[in-house]
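Enquirer: Below are the structure tokens for one structure; questions will follow.
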Amino acid sequence: MTDLGNQLHEFAKQLWPMNRSITGDGVRMTLLAIKKYLPDLKIVEIPSGTRAFDWTVPQEWSVKEAWIIGPKGNKFCDFNQNNLHLVGYSEAVNAKFSLAELDNHLHSIENQPDAIPYITSYYAKRWGFCIRHCDRLKLKEGEYHAVIDATHFDGSLTYGELIIPGRLKKEIFISTYICHPSMANNELSGPVVSTFIGHWLSQLEQPKYTYRLVFIPETIGSIVYLSKNIDVLKENVIGGFNLTCIGDDRAYSYLPSRKGDTRSDRIAQHVLASLDTNYVQYTWNDRGSDERQYCAPHVDLPIASIMRTKYGAYDEYHTSLDDLVNVVTPTGLNGGYLAVRKALEIFENDQIPSANVLCEPQLGKRGLYPTLSTKRKNDELKNMMNVISLCDGKHSILDISEKCNITFESAFDIVTLLSRHNLVDLFDIEQAR
Amino acid sequence: MTDLGNQLHEFAKQLWPMNRSITGDGVRMTLLAIKKYLPDLKIVEIPSGTRAFDWTVPQEWSVKEAWIIGPKGNKFCDFNQNNLHLVGYSEAVNAKFSLAELDNHLHSIENQPDAIPYITSYYAKRWGFCIRHCDRLKLKEGEYHAVIDATHFDGSLTYGELIIPGRLKKEIFISTYICHPSMANNELSGPVVSTFIGHWLSQLEQPKYTYRLVFIPETIGSIVYLSKNIDVLKENVIGGFNLTCIGDDRAYSYLPSRKGDTRSDRIAQHVLASLDTNYVQYTWNDRGSDERQYCAPHVDLPIASIMRTKYGAYDEYHTSLDDLVNVVTPTGLNGGYLAVRKALEIFENDQIPSANVLCEPQLGKRGLYPTLSTKRKNDELKNMMNVISLCDGKHSILDISEKCNITFESAFDIVTLLSRHNLVDLFDIEQAR
Amino acid sequence: MTDLGNQLHEFAKQLWPMNRSITGDGVRMTLLAIKKYLPDLKIVEIPSGTRAFDWTVPQEWSVKEAWIIGPKGNKFCDFNQNNLHLVGYSEAVNAKFSLAELDNHLHSIENQPDAIPYITSYYAKRWGFCIRHCDRLKLKEGEYHAVIDATHFDGSLTYGELIIPGRLKKEIFISTYICHPSMANNELSGPVVSTFIGHWLSQLEQPKYTYRLVFIPETIGSIVYLSKNIDVLKENVIGGFNLTCIGDDRAYSYLPSRKGDTRSDRIAQHVLASLDTNYVQYTWNDRGSDERQYCAPHVDLPIASIMRTKYGAYDEYHTSLDDLVNVVTPTGLNGGYLAVRKALEIFENDQIPSANVLCEPQLGKRGLYPTLSTKRKNDELKNMMNVISLCDGKHSILDISEKCNITFESAFDIVTLLSRHNLVDLFDIEQAR
């Protein structure tokens, strides 16, 4: 659709084939590709075995090849054709099996016969293959040769971190994950949109807030990142979002922070309502991504989620059907990007206006009011009068926009006009509260 | 209908023909007529050019005559027949025009062909006539002689103020406006009801609160009044109402103060709900009268509006159809008067009752309880028991009435009975909170 | 139904025939029967004439016999057949009357012709009989001999009190009443369930809270009890219930404390919702039992009501039809008992869990999490993760269960498991708040 949507989609295609997991070269290749857009991205390696709160960084996993050859010599479940065929973090195997034996190591979804499921086994040693159920049904008795040429070794867990300094030390935190192999909405949409958001932020002359973007493996990555940065995050982060499932064009969705009423929550809801009055509102109990860690008890960062169609809420989720053709589209990615950008713009631009004349100002003498008084007022004028009536040094522009039933942008434009006419003083949210 | 309704209606008829505007003799005549009912009314003159916050008191406007004579010598748009024919604050003119030229100075309403619209141009120099659209359509080509014998000069803006001292310095503030020419609901109903309310208050032996009633031109008048009295108003006013559009019999309406939860708001809502369960509840965004100034940022007086049919919410609004025949009626005025009076009675009579026996009192020995215990209790007894159960020194009589789903009057009567039987102590709202 | 239901029902049958009133031997016999189950029950006598706040303990009332003999020598309204036939607290009489004279002293219910109504006259001297309306209609002209062999004398008011010491001085207060003659739901269900609850509490090794159970005559009894114990009750009682109408099987009902948001209220609502999503929620204005005294202004104990079908809300109420056959059943009593017991278990077991690791704990290594990550999580796991996410040292287990939409028991089991795995610390509600 749009240029931007196409660029996002192209970048997703580029990242598509890399075999991401919670560790390994797939992650590193992904980060290097992102670094092309974000040259200041710092790539960090955390050694296997490092403790992180209740967790330990696992061994690194590397796969050379993986496949099965059937009784008639036909190769299938070939990792090189689709990395979803291999259960994530599988142990090595090289042996022959009867169909019955092999079957214990096969995974498919009966009611989605054309989908290769996405399965992992990070914390128990296993091997296995994922297969379309329609193909599984065709397997005949006979000898099967299964090969997984994979190693687990003491290496490291890799993540990327970008810090864009702002006028204030206070931070907005954006987190996305890079541990899923070839699937589009969950997860490529997240790192792709985050990369472009990072690029946009880098171009700003000087943002008000400092921005921290992280590209991490889900769960273990956010836990590791928190364990290394908990103090500075708790000190500085005043808002932010976990970005995932933000690339299809079927819905907009919001999932709250644990507290549910942070600035991130209010801003997310405002932006989504302005984009789609029917946007989906989830609850904390519906969560399932890294907000689980960021909002955990005693961590309590003000992180909400802005999504298109949420993980688990679409049929293609965690299968090979979650692709860049039918699920994630340029329009979908563009919409996701815009939602996040609008949200960040509200963080940047929200202020507290306070009228500096008592009573309504005389707008007429400033050319802001019609001189002929007739029966009806137009909406624009009504909005301006409503905004003025709330410039009391207590309501922020966001508060005002919601009380006036207008978008943040409209309220911001009116307040800017009033400020230019010296009718309001503006205070930073940080000062005023 | 009622005597009082008829008296109100007669007084409105008396005020009807005066040519009110934001300044001038029409205002003075109106105030002198009101002063007949309220001898202590102080009439105040504020010189043209006086600064009032962001505004300046405009020049005074005086009209001797205004009319148009058409090609065939027929006079129309005659100010002496209906003062709405002249655009308010028009400049003088005495010249001949083609129909096309004249037409630029004519105002009518296409879809209300029988109505003369009400138009003003206070803050830009203009002249113009208002005409029924049906008459406008009949105008033929030819020469038109338009005369407006009007002057603008340094004079003054006039308003009336009545202060009725109470036991407390704390004030209830009633504001109404006197700047519209011959229209009934907006605006004569306002000053007429306010006059009679003032009269009633003057008869009270000693009200608890001090009452301040002002009769002012809208907008510029309230701004001027605030600019001269802001400190005392902010110090003393604990409640009050802006009175306008309070004379027709089609609805009861409430428009909140900016804060929305002041005593004025709660009392207005209680009274209106008791008069009409379907009363209309507007929001702050629907406002349009002097509450715009009284509740402006940093002014913040607790002023709400009690209305019948709100300005802008009826077809006849701001036209010659807003009359004393079809729109404003004795019944309508009487209902408006009663609503305001009930509200003021709640201000006066609300107190905090506190039981002075522990547990329920033994009502039987005081003849307040049936001695035979059968299956059903009557409502009266139930209400009394409910009221008693809430006399905890925290709930006011108004709070209690709402929790018991009864009117303030019913709760007040029960509390008075309990007090007479020495079962509750009564505390002033001012003491208790 | 259940064994326990049958035991409750049997005990109710045993108490059925005793002629309870606000004083007298019927009360004493009832208390002695209860004491068989609760050996530590203290039976207290308060002399007639004792002052209790606004009230005075009335004289004791004793009835030997009461009946009417009709014109044909037929005896009816015989107190020995059904103690409801005699108006409670009737004066003595022994005289002959015409039917018209007698009729002034008869009470029946026209639209419940088969019911003997329950009528009392405690605070005005009267005599009277209650009769089925169908029987009343059959009475013929003639001479009627009415005998009430009753005395009023300075005796005492009797109540029972059981205190079960707990680890804390803080108390849970259970009140029920024993002043109604032969009626089942109102009132025998109350003392019967309370007795069994007392028995269960007595068997606990050491409860956290001290439990205070009282068996008193309604109204005058609770007022007397409060007058003697107000200081200790206000100091110690942190929750409790008034138990009445808790034996039929047609509904579960909740009536709030006056404040409406005490722990008792929240717990009652949680338990009832878990038993019956359609349980009936009454308001404070619907009250009618001893919560009137316990929650009176300045008394303000946190006492709510857990009921089956509320007094006044069923046709048989306060008539002979409120019986142990059609109204109160073993199943009904069992359900009432369980509701109360569950509520007390929540009081006992609620605590504040606080996670002692940052971020989610690694449940997998403790065998609490599936090692294979597939598309769907089961509910059990989801509940556990939800509970963990709320162990922030601010939410109690009850709070958590409500936020997770699970029962208290489920949340309690999860928290207990987490505690066993040393993943949360537990704090007493008393410490934490």
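Labels for the structure tokens follow display order: chains A, B, ..., residues from 1 in each chain, ligands from 1.
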Show me, as a ChimeraX atom specification, every residue of chain B with an atom at most 12 Å from chain C, counting only C-alpha atoms.
Expert: /B:353-367,369-377,379,381-395,400-406,422-424
Enquirer: Report the residues of segment 107-247 of chain A whose backbone DSSP state falls under strand (DSSP E), written as a PyMOL selection string.
Expert: chain A and resi 107+129-130+143-153+156-164+171-177+210-216+237-242
Enquirer: Going by DSSP on the backbone, which bits of segment 173-374 of chain A are alpha helix (DSSP H)? Write them as a ChimeraX atom specification, please.
Expert: /A:189-203,220-236,263-275,291-294,330-349
Enquirer: So that I have them on file, write out the residues from the current selection with C-alpha atoms, as an mmCIF file, in the first residue's frame.
Expert:
```cif
data_model
loop_
_atom_site.group_PDB
_atom_site.id
_atom_site.type_symbol
_atom_site.label_atom_id
_atom_site.label_comp_id
_atom_site.auth_asym_id
_atom_site.auth_seq_id
_atom_site.Cartn_x
_atom_site.Cartn_y
_atom_site.Cartn_z
ATOM 1 C CA SER A 189 6.077 -7.791 12.648
ATOM 2 C CA GLY A 190 7.435 -6.853 16.094
ATOM 3 C CA PRO A 191 11.146 -6.389 15.284
ATOM 4 C CA VAL A 192 10.329 -4.903 11.873
ATOM 5 C CA VAL A 193 8.021 -2.200 13.275
ATOM 6 C CA SER A 194 10.404 -1.608 16.206
ATOM 7 C CA THR A 195 13.307 -1.130 13.811
ATOM 8 C CA PHE A 196 11.447 1.492 11.822
ATOM 9 C CA ILE A 197 10.244 3.193 15.008
ATOM 10 C CA GLY A 198 13.862 3.275 16.178
ATOM 11 C CA HIS A 199 14.892 4.750 12.859
ATOM 12 C CA TRP A 200 12.266 7.483 13.132
ATOM 13 C CA LEU A 201 13.265 8.289 16.702
ATOM 14 C CA SER A 202 16.913 8.525 15.667
ATOM 15 C CA GLN A 203 15.987 11.208 13.152
ATOM 16 C CA ILE A 220 14.592 -15.648 28.966
ATOM 17 C CA GLY A 221 15.750 -12.548 27.100
ATOM 18 C CA SER A 222 13.543 -10.096 28.971
ATOM 19 C CA ILE A 223 14.435 -11.783 32.260
ATOM 20 C CA VAL A 224 18.148 -11.549 31.453
ATOM 21 C CA TYR A 225 17.761 -7.948 30.343
ATOM 22 C CA LEU A 226 15.844 -7.032 33.489
ATOM 23 C CA SER A 227 18.377 -8.783 35.697
ATOM 24 C CA LYS A 228 21.141 -6.607 34.274
ATOM 25 C CA ASN A 229 19.193 -3.331 34.128
ATOM 26 C CA ILE A 230 16.495 -3.493 36.767
ATOM 27 C CA ASP A 231 17.657 -0.489 38.776
ATOM 28 C CA VAL A 232 17.993 1.938 35.916
ATOM 29 C CA LEU A 233 14.725 0.722 34.391
ATOM 30 C CA LYS A 234 12.793 1.120 37.625
ATOM 31 C CA GLU A 235 14.364 4.536 38.127
ATOM 32 C CA ASN A 236 13.772 5.962 34.675
ATOM 33 C CA ARG A 263 0.273 6.702 30.967
ATOM 34 C CA SER A 264 1.131 3.889 28.542
ATOM 35 C CA ASP A 265 -2.313 2.410 29.046
ATOM 36 C CA ARG A 266 -4.159 5.669 28.610
ATOM 37 C CA ILE A 267 -2.150 6.623 25.550
ATOM 38 C CA ALA A 268 -2.526 3.205 23.941
ATOM 39 C CA GLN A 269 -6.272 3.311 24.442
ATOM 40 C CA HIS A 270 -6.561 6.835 23.103
ATOM 41 C CA VAL A 271 -4.571 6.070 19.976
ATOM 42 C CA LEU A 272 -6.356 2.815 19.251
ATOM 43 C CA ALA A 273 -9.788 4.377 19.768
ATOM 44 C CA SER A 274 -8.815 7.072 17.286
ATOM 45 C CA LEU A 275 -7.776 4.436 14.719
ATOM 46 C CA GLU A 291 4.826 -7.796 29.744
ATOM 47 C CA ARG A 292 4.676 -10.883 31.976
ATOM 48 C CA GLN A 293 8.204 -9.961 33.087
ATOM 49 C CA TYR A 294 8.103 -6.173 32.777
ATOM 50 C CA PRO A 330 2.179 -3.836 3.979
ATOM 51 C CA THR A 331 -1.061 -2.151 5.070
ATOM 52 C CA GLY A 332 -1.104 -4.117 8.288
ATOM 53 C CA LEU A 333 2.494 -3.246 9.132
ATOM 54 C CA ASN A 334 1.951 0.376 8.217
ATOM 55 C CA GLY A 335 -1.069 0.588 10.518
ATOM 56 C CA GLY A 336 0.870 -0.974 13.367
ATOM 57 C CA TYR A 337 3.794 1.378 12.849
ATOM 58 C CA LEU A 338 1.500 4.417 12.814
ATOM 59 C CA ALA A 339 -0.269 3.379 15.994
ATOM 60 C CA VAL A 340 3.017 3.090 17.859
ATOM 61 C CA ARG A 341 4.343 6.311 16.422
ATOM 62 C CA LYS A 342 1.185 8.218 17.372
ATOM 63 C CA ALA A 343 1.484 6.840 20.872
ATOM 64 C CA LEU A 344 5.074 7.992 21.170
ATOM 65 C CA GLU A 345 4.123 11.386 19.781
ATOM 66 C CA ILE A 346 1.609 11.742 22.573
ATOM 67 C CA PHE A 347 4.281 10.889 25.130
ATOM 68 C CA GLU A 348 6.494 13.522 23.545
ATOM 69 C CA ASN A 349 3.910 16.256 23.094
#
```
Enquirer: Would you mind listing what lies within 10 Å of Gln206 of chain C as a PyMOL selection string, with only C-alpha atoms counted and same-chain residues fewer than 4 positions away left out?
Expert: chain C and resi 164-168+201-202+210
Enquirer: Could you tell me which of A:Glu143, A:Asn111, A:Leu137, A:Leu84 comes closest to Gly70 of chain A if we count only C-alpha atoms?
Expert: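 Once distances to Gly70 of chain A are computed over only C-alpha atoms, the minimum belongs to A:Glu143.
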Enquirer: Would you kindly return, as a count of residues only, each protein, DNA or RNA residue with an atom no farther than 9 Å from any atom of Phe173 of chain A, considering only C-alpha atoms and excluding same-chain residues fewer than 2 positions away?
Expert: 15
Enquirer: Report as a list in words all protein, DNA and RNA residues lying within 12 Å of Pro71 of chain C, evaluated on only C-alpha atoms, omitting residues in the same chain fewer than 6 positions from it.
Expert: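 Within the cut-off, the hits are Lys96, Phe97, Ser98, Leu99, Leu139, Lys140, Glu141, Gly142, Glu143, Tyr144, His145 and Ala146 of chain C.
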Enquirer: Quick one, how far is atom CA of Tyr89 of chain C from atom CA of Ser48 of chain C?
Expert: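 So the answer is 14.4 Å.
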Enquirer: Compile the contact shell of Pro113 of chain B as a VMD selection string: residues with an atom at most 7 Å away, counting only C-alpha atoms, same-chain residues fewer than 5 positions apart removed.
Expert: chain B and resid 132 to 134
Enquirer: Got time to write the residues from that selection, C-alpha atoms, as a JSON list (two decimals), in the first residue's frame?
Expert:
```json
[["chain", "number", "residue", "atom", "x", "y", "z"],
["B", 132, "ARG", "CA", -39.04, 36.83, 8.09],
["B", 133, "HIS", "CA", -37.84, 34.69, 5.22],
["B", 134, "CYS", "CA", -41.35, 34.63, 3.74]]
```
Enquirer: Need the shell around His105 of chain A: protein/DNA/RNA residues with any atom at most 10 Å away, counting only C-alpha atoms. Skip same-chain ones fewer than 3 positions apart. Format as a list in words?
Expert: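 The residues satisfying every condition are Val87, Ala100, Glu101, Leu102, Arg126, Trp127, Gly128, Phe129 and Cys130 of chain A.
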Enquirer: Since we have the selection now, will you write its residues out, keeping N, CA and C atoms, as a PDB file, in the first residue's frame?
Expert:
```pdb
ATOM      1  N   VAL A  87      11.638 -29.344  15.745  1.00  0.00           N
ATOM      2  CA  VAL A  87      11.275 -28.868  17.090  1.00  0.00           C
ATOM      3  C   VAL A  87      12.421 -28.004  17.605  1.00  0.00           C
ATOM      4  N   ALA A 100       6.166 -46.492  13.858  1.00  0.00           N
ATOM      5  CA  ALA A 100       5.601 -46.337  15.206  1.00  0.00           C
ATOM      6  C   ALA A 100       6.576 -45.600  16.106  1.00  0.00           C
ATOM      7  N   GLU A 101       7.854 -45.943  16.021  1.00  0.00           N
ATOM      8  CA  GLU A 101       8.858 -45.259  16.846  1.00  0.00           C
ATOM      9  C   GLU A 101       8.964 -43.788  16.458  1.00  0.00           C
ATOM     10  N   LEU A 102       9.040 -43.553  15.146  1.00  0.00           N
ATOM     11  CA  LEU A 102       9.170 -42.174  14.665  1.00  0.00           C
ATOM     12  C   LEU A 102       7.988 -41.326  15.105  1.00  0.00           C
ATOM     13  N   ARG A 126      14.976 -33.166  24.185  1.00  0.00           N
ATOM     14  CA  ARG A 126      14.034 -33.898  23.343  1.00  0.00           C
ATOM     15  C   ARG A 126      14.493 -33.755  21.912  1.00  0.00           C
ATOM     16  N   TRP A 127      14.006 -34.610  21.036  1.00  0.00           N
ATOM     17  CA  TRP A 127      14.109 -34.295  19.617  1.00  0.00           C
ATOM     18  C   TRP A 127      12.772 -34.552  18.959  1.00  0.00           C
ATOM     19  N   GLY A 128      12.534 -33.858  17.854  1.00  0.00           N
ATOM     20  CA  GLY A 128      11.249 -34.043  17.205  1.00  0.00           C
ATOM     21  C   GLY A 128      11.144 -33.240  15.926  1.00  0.00           C
ATOM     22  N   PHE A 129      10.168 -33.633  15.120  1.00  0.00           N
ATOM     23  CA  PHE A 129       9.887 -32.947  13.854  1.00  0.00           C
ATOM     24  C   PHE A 129       8.430 -32.495  13.829  1.00  0.00           C
ATOM     25  N   CYS A 130       8.196 -31.398  13.127  1.00  0.00           N
ATOM     26  CA  CYS A 130       6.831 -30.890  12.954  1.00  0.00           C
ATOM     27  C   CYS A 130       6.451 -31.073  11.494  1.00  0.00           C
TER      28      CYS A 130
END
```
